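Q: Structure file coords32.csv, CSV, C-alpha atoms, is pasted below:
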```
chain,number,residue,atom,x,y,z
T,1,MET,CA,148.2,49.0,49.2
T,2,THR,CA,146.3,45.7,49.8
T,3,LYS,CA,142.6,45.7,50.7
T,4,ALA,CA,143.4,44.4,54.2
T,5,SER,CA,145.8,47.3,54.7
T,6,LEU,CA,143.2,49.8,53.6
T,7,LEU,CA,140.7,48.4,56.0
T,8,ALA,CA,143.2,48.5,58.8
T,9,LEU,CA,144.1,52.1,58.0
T,10,ALA,CA,140.4,53.1,57.9
T,11,ALA,CA,139.8,51.5,61.3
T,12,PHE,CA,142.9,53.3,62.7
T,13,LEU,CA,141.6,56.7,61.5
T,14,ALA,CA,138.1,56.0,62.8
T,15,ALA,CA,139.5,55.2,66.2
T,16,GLY,CA,141.6,58.4,66.3
T,17,ALA,CA,138.7,60.7,65.2
T,18,PRO,CA,137.1,61.1,68.7
T,19,LEU,CA,140.5,61.9,70.2
T,20,GLN,CA,141.1,64.6,67.6
T,21,ALA,CA,137.6,66.0,68.1
T,22,GLN,CA,138.2,66.2,71.9
T,23,ALA,CA,141.6,67.9,71.4
T,24,SER,CA,140.1,70.5,69.0
T,25,GLY,CA,136.9,71.1,70.9
T,26,GLY,CA,135.0,69.4,68.0
T,27,CYS,CA,132.7,67.2,70.1
T,28,PRO,CA,129.3,67.4,68.4
T,29,PRO,CA,126.2,68.7,70.3
T,30,GLN,CA,124.9,65.2,70.9
T,31,GLY,CA,128.3,64.2,72.2
T,32,ASP,CA,129.2,60.5,71.7
T,33,ALA,CA,125.9,59.2,73.1
T,34,THR,CA,124.1,56.6,71.0
T,35,LYS,CA,120.7,56.6,72.8
T,36,PRO,CA,118.3,59.3,71.4
T,37,LYS,CA,117.2,60.5,74.9
T,38,ILE,CA,120.7,61.1,76.0
T,39,GLN,CA,121.6,62.7,72.7
T,40,LYS,CA,118.8,65.2,73.3
T,41,LEU,CA,120.0,65.9,76.8
T,42,ASN,CA,123.5,66.5,75.5
T,43,GLU,CA,122.2,68.9,72.9
T,44,LEU,CA,120.6,71.0,75.6
T,45,HIS,CA,123.9,70.8,77.5
T,46,ALA,CA,125.7,72.1,74.4
T,47,ARG,CA,123.6,75.3,74.0
T,48,THR,CA,125.7,78.4,73.3
T,49,GLU,CA,122.8,80.9,73.0
T,50,GLU,CA,122.7,83.7,75.6
T,51,PRO,CA,119.2,83.9,77.1
T,52,SER,CA,117.1,86.9,76.2
T,53,ASP,CA,115.2,89.0,78.8
T,54,ASP,CA,112.0,87.1,77.9
T,55,ASP,CA,113.6,83.7,78.6
T,56,TYR,CA,114.2,84.5,82.4
T,57,ASP,CA,111.7,83.3,85.0
T,58,ASP,CA,111.8,85.9,87.7
T,59,THR,CA,109.9,83.6,90.1
T,60,ALA,CA,112.7,80.9,90.0
T,61,ASP,CA,114.9,82.0,92.9
T,62,PHE,CA,117.0,79.5,94.9
T,63,ASP,CA,114.1,78.6,97.2
T,64,ALA,CA,111.8,77.9,94.3
T,65,LEU,CA,114.4,75.8,92.5
T,66,ILE,CA,115.0,73.5,95.5
T,67,ALA,CA,111.4,73.5,96.9
T,68,PRO,CA,110.4,70.0,98.1
T,69,GLY,CA,108.3,67.6,96.0
T,70,ASP,CA,108.6,65.7,92.7
T,71,ASP,CA,109.8,68.5,90.5
T,72,SER,CA,110.5,66.6,87.3
T,73,GLN,CA,107.8,68.6,85.5
T,74,ARG,CA,108.1,71.8,87.5
T,75,TRP,CA,110.2,73.8,85.0
T,76,GLN,CA,111.0,73.8,81.3
T,77,SER,CA,114.4,73.5,79.6
T,78,ASP,CA,113.7,76.7,77.6
T,79,THR,CA,113.7,78.7,80.8
T,80,ALA,CA,116.6,80.8,82.1
T,81,VAL,CA,117.2,81.9,85.6
T,82,GLU,CA,119.4,84.3,87.6
T,83,ILE,CA,119.9,83.6,91.2
T,84,THR,CA,122.0,84.5,94.2
T,85,ALA,CA,123.8,81.5,95.8
T,86,PHE,CA,126.8,80.5,97.9
T,87,VAL,CA,129.5,78.5,96.2
T,88,VAL,CA,130.2,75.5,98.4
T,89,ASP,CA,132.6,73.8,96.0
T,90,VAL,CA,134.1,74.1,92.5
T,91,ARG,CA,135.4,70.9,90.8
T,92,ASP,CA,136.2,69.4,87.4
T,93,GLY,CA,133.5,67.2,85.9
T,94,ALA,CA,134.3,63.6,85.0
T,95,PRO,CA,134.5,62.3,81.4
T,96,THR,CA,130.9,62.3,80.1
T,97,SER,CA,129.1,61.5,76.9
T,98,ALA,CA,128.2,65.2,76.5
T,99,ASN,CA,131.9,66.0,76.1
T,100,CYS,CA,132.8,62.9,74.2
T,101,HIS,CA,134.4,61.4,77.3
T,102,ALA,CA,137.3,63.9,77.1
T,103,THR,CA,140.0,63.4,79.7
T,104,ASP,CA,141.5,66.9,79.4
T,105,PRO,CA,139.9,69.2,82.1
T,106,ALA,CA,139.8,72.0,79.5
T,107,ASN,CA,137.3,69.9,77.5
T,108,GLN,CA,135.3,68.8,80.6
T,109,ASP,CA,132.6,70.6,82.6
T,110,THR,CA,133.3,72.8,85.6
T,111,ILE,CA,130.8,72.0,88.4
T,112,LEU,CA,129.7,74.5,91.0
T,113,ASP,CA,128.0,73.1,94.0
T,114,LEU,CA,125.6,75.9,95.2
T,115,SER,CA,123.7,76.3,98.5
T,116,PRO,CA,121.3,79.0,99.6
T,117,GLY,CA,123.6,80.3,102.3
T,118,SER,CA,127.1,79.9,103.8
T,119,GLY,CA,125.5,78.2,106.8
T,120,VAL,CA,123.6,75.6,104.7
T,121,SER,CA,126.1,72.8,103.8
T,122,ASP,CA,124.1,69.6,103.6
T,123,ALA,CA,123.7,68.0,100.2
T,124,SER,CA,119.9,67.9,100.4
T,125,HIS,CA,119.9,71.7,99.8
T,126,ARG,CA,122.4,71.7,97.0
T,127,LEU,CA,121.8,73.0,93.5
T,128,ILE,CA,124.3,72.2,90.7
T,129,ALA,CA,125.5,74.7,88.1
T,130,VAL,CA,127.6,73.6,85.1
T,131,ILE,CA,130.1,75.6,83.0
T,132,THR,CA,130.5,73.7,79.8
T,133,PRO,CA,133.7,73.6,77.6
T,134,ARG,CA,131.8,75.5,74.9
T,135,TRP,CA,131.2,78.4,77.3
T,136,LYS,CA,134.8,78.2,78.5
T,137,ARG,CA,135.9,78.8,74.9
T,138,ILE,CA,133.3,81.6,74.3
T,139,MET,CA,134.6,83.4,77.4
T,140,ALA,CA,138.2,82.8,76.5
T,141,LYS,CA,137.6,84.7,73.2
T,142,ASN,CA,136.7,87.7,75.4
T,143,GLN,CA,139.9,87.2,77.5
T,144,ILE,CA,137.9,85.8,80.4
T,145,ASP,CA,139.2,82.7,82.1
T,146,TRP,CA,136.5,80.2,83.1
T,147,SER,CA,138.7,77.3,83.8
T,148,THR,CA,138.0,75.3,86.9
T,149,ARG,CA,141.1,76.8,88.6
T,150,ALA,CA,140.1,80.4,87.8
T,151,ILE,CA,136.5,79.9,88.9
T,152,ARG,CA,137.6,78.2,92.1
T,153,ALA,CA,140.1,81.0,92.9
T,154,ARG,CA,137.6,83.8,92.3
T,155,PHE,CA,134.3,82.3,93.6
T,156,LEU,CA,134.8,79.5,96.1
T,157,GLN,CA,133.1,80.1,99.4
T,158,LYS,CA,131.6,83.3,98.2
T,159,TYR,CA,128.2,84.6,97.1
T,160,VAL,CA,127.6,84.9,93.4
T,161,SER,CA,125.0,86.0,91.0
T,162,ILE,CA,124.7,83.2,88.5
T,163,ARG,CA,122.6,82.9,85.4
T,164,GLY,CA,122.0,80.4,82.7
T,165,TRP,CA,119.5,77.8,81.2
T,166,LEU,CA,117.6,75.3,83.3
T,167,LEU,CA,118.3,71.6,82.4
T,168,TYR,CA,116.6,68.6,83.9
T,169,ASP,CA,119.4,65.9,84.2
T,170,PHE,CA,117.2,62.8,84.4
T,171,GLU,CA,120.4,60.7,84.9
T,172,ALA,CA,120.8,62.4,88.3
T,173,ALA,CA,117.2,62.0,89.4
T,174,GLN,CA,118.0,59.1,91.8
T,175,ARG,CA,120.7,61.2,93.5
T,176,ALA,CA,118.3,64.2,94.0
T,177,VAL,CA,116.2,64.3,97.2
T,178,ASN,CA,113.1,65.6,95.3
T,179,THR,CA,112.9,62.6,92.9
T,180,ALA,CA,114.8,59.9,94.8
T,181,GLY,CA,112.0,59.7,97.4
T,182,LEU,CA,114.2,59.7,100.5
T,183,ALA,CA,117.2,61.6,101.6
T,184,GLY,CA,120.2,59.3,102.3
T,185,VAL,CA,123.8,58.5,101.7
T,186,ASN,CA,123.3,58.5,97.9
T,187,VAL,CA,121.7,62.0,97.8
T,188,THR,CA,124.1,64.6,96.4
T,189,ARG,CA,121.7,67.4,95.6
T,190,ALA,CA,118.2,68.7,96.2
T,191,THR,CA,117.0,68.6,92.6
T,192,ALA,CA,117.9,67.1,89.2
T,193,TRP,CA,117.3,70.5,87.7
T,194,GLU,CA,120.6,72.3,87.0
T,195,ILE,CA,121.7,75.6,85.7
T,196,CYS,CA,123.3,74.2,82.6
T,197,PRO,CA,124.9,75.8,80.8
T,198,VAL,CA,126.0,78.7,82.9
T,199,THR,CA,126.1,81.8,80.8
T,200,GLY,CA,127.2,84.3,83.4
T,201,VAL,CA,128.7,84.4,86.9
T,202,ASP,CA,129.7,87.4,88.9
T,203,PRO,CA,130.3,88.4,92.6
T,204,SER,CA,127.0,89.0,94.2
T,205,ASP,CA,126.1,92.7,94.6
T,206,ASP,CA,123.5,91.9,97.3
T,207,SER,CA,123.7,94.0,100.4
T,208,LEU,CA,124.9,92.6,103.7
T,209,GLU,CA,121.3,92.6,104.9
T,210,GLN,CA,120.2,90.4,102.0
T,211,ILE,CA,123.1,88.0,102.5
T,212,THR,CA,122.2,87.7,106.2
T,213,VAL,CA,118.7,86.6,105.2
T,214,LEU,CA,120.2,84.0,102.9
T,215,ASP,CA,122.4,82.7,105.8
T,216,ASP,CA,119.5,82.2,108.1
T,217,PRO,CA,116.6,80.6,106.2
T,218,PRO,CA,114.1,78.2,107.6
T,219,TYR,CA,115.6,75.2,105.8
T,220,ALA,CA,114.2,72.1,107.5
T,221,ARG,CA,113.8,69.5,104.8
T,222,SER,CA,111.9,66.3,105.6
T,223,ASN,CA,113.6,63.0,104.6
T,224,ALA,CA,110.5,62.1,102.6
T,225,SER,CA,109.5,63.9,99.5
T,226,SER,CA,106.1,65.6,99.2
T,227,PRO,CA,103.8,66.1,96.2
T,228,ALA,CA,104.8,68.9,93.9
T,229,PRO,CA,102.9,72.1,94.2
```
Just dump the structure as structure tokens.
A:
Amino acid sequence: MTKASLLALAAFLAAGAPLQAQASGGCPPQGDATKPKIQKLNELHARTEEPSDDDYDDTADFDALIAPGDDSQRWQSDTAVEITAFVVDVRDGAPTSANCHATDPANQDTILDLSPGSGVSDASHRLIAVITPRWKRIMAKNQIDWSTRAIRARFLQKYVSIRGWLLYDFEAAQRAVNTAGLAGVNVTRATAWEICPVTGVDPSDDSLEQITVLDDPPYARSNASSPAP
């Protein structure tokens, strides 16, 4: 084989490697990002460790997570939470660097749009939770289906108890009312903090009385952000 042919073959194999990695679930923790800051974000996204009891912050309920004000430094990414929330929507994530821009939904995130109650639907009170492909595979080994279709069928428009790690998605800061400065058409969420990755989700076992409280909170968010507490 000529040198030119060898070079062409090497280029072909290199081009095919990311596709093979996606198909096999072999996307590395840093994804296919090239910027160190995004690589670090992707590594947090790729966590597969289950939080220990000591990792949970019992003060971080839904109200605390979406409390107004610049919250970019309010929490830490080594903190885990367990909250009760209402699932407004369940959808496939788009191809992202965290998942090596996979196009197969099985290798993409599943996104849960959460609100504090069934009567609170505006985006300025939304919290995002992310089920990653790695956790889909972990659960599949235990015969539990965490595909977008299965999560949607089981939890859409219902109350859930959801737990996982906190992650500050700085790429979403300009779409979050707490860090964008003003609520507007570009706002899709209350905060750039996410529950990502989700490590557990179950039907809520709250009593009817507790759910009624969630459905009737004093949520009157100003369009302007206020200083963090």
Q: Please provide as a list in words all residues within 12 Å of Ser121 (chain T), with the sequence filter that same-chain residues fewer than 2 positions apart are discarded (counting only C-alpha atoms).
A: Phe86, Val87, Val88, Asp89, Asp113, Leu114, Ser115, Pro116, Gly117, Ser118, Gly119, Ala123, Ser124, His125, Arg126, Leu127, Gln157, Thr188, Arg189, Ala190, Asp215 and Tyr219 of chain T
Q: To one decimal place, how far is CA of Pro133 (chain T) from CA of Ser97 (chain T) in Å?
A: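 Value for the CA of Pro133 (chain T)-CA of Ser97 (chain T) distance: 13.0 Å.
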Q: Find, counting all atoms listed in the file, the residue in T:Asn42, T:Gln73, T:Ser161, T:Thr34 that gets nearest to Thr179 (chain T).
A: T:Gln73
Q: Determine the nearest neighbour of Gln174 (chain T) from the options T:Arg137, T:Leu112, T:Glu49, T:Asp70, counting all atoms listed in the file.
A: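 Counting all atoms listed in the file, the residue closest to Gln174 (chain T) is T:Asp70.
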Q: From the set T:Gln39, T:Thr191, T:Ser52, T:Gln30, which residue has the shortest atom-to-atom contact distance to Asn178 (chain T), counting only C-alpha atoms?
A: T:Thr191
Q: Choose the residue, out of T:Trp135, T:Phe62, T:Trp146, T:Tyr159, that has the smallest atom-to-atom separation from Glu194 (chain T); count all atoms listed in the file.
A: T:Phe62
Q: With distances taken over all atoms listed in the file, which residue among T:Ala33, T:Ala60, T:Ala67, T:Ile111 lies nearest Thr96 (chain T)?
A: T:Ala33
Q: Measuring atom to atom with only C-alpha atoms, identify which of T:Arg154, T:Ile144, T:Cys100, T:Thr84 is nearest to Asp205 (chain T).
A: T:Thr84
Q: Between CA of Arg91 (chain T) and CA of Pro29 (chain T), what is the distance in Å, rounded to a tenth?
A: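 Atom-to-atom, CA of Arg91 (chain T) to CA of Pro29 (chain T), that is 22.6 Å.
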Q: In Å, with one decimal, what is the gap from CA of Ala46 (chain T) to CA of Gly181 (chain T)?
A: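 Interatomic distance here is 29.5 Å.
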Q: Can you build me a table of region 134-187 of chain T residues sitting at most 8 Å from region 196-203 of chain T, with the closest atom pair per residue and its distance in Å to one decimal, using all atoms listed in the file, sorted by chain and residue number, as JSON lines?
A:
```
{"residue": "T:Trp135", "atom": "CA", "partner": "T:Thr199", "partner_atom": "CA", "distance": 7.1}
{"residue": "T:Phe155", "atom": "CA", "partner": "T:Pro203", "partner_atom": "CA", "distance": 7.4}
{"residue": "T:Lys158", "atom": "CA", "partner": "T:Pro203", "partner_atom": "CA", "distance": 7.7}
{"residue": "T:Tyr159", "atom": "CA", "partner": "T:Pro203", "partner_atom": "CA", "distance": 6.3}
{"residue": "T:Val160", "atom": "CA", "partner": "T:Pro203", "partner_atom": "CA", "distance": 4.5}
{"residue": "T:Ser161", "atom": "CA", "partner": "T:Asp202", "partner_atom": "CA", "distance": 5.3}
{"residue": "T:Ile162", "atom": "CA", "partner": "T:Val201", "partner_atom": "CA", "distance": 4.5}
{"residue": "T:Arg163", "atom": "CA", "partner": "T:Gly200", "partner_atom": "CA", "distance": 5.2}
{"residue": "T:Gly164", "atom": "CA", "partner": "T:Val198", "partner_atom": "CA", "distance": 4.4}
{"residue": "T:Trp165", "atom": "CA", "partner": "T:Cys196", "partner_atom": "CA", "distance": 5.4}
{"residue": "T:Leu166", "atom": "CA", "partner": "T:Cys196", "partner_atom": "CA", "distance": 5.8}
{"residue": "T:Leu167", "atom": "CA", "partner": "T:Cys196", "partner_atom": "CA", "distance": 5.6}
```
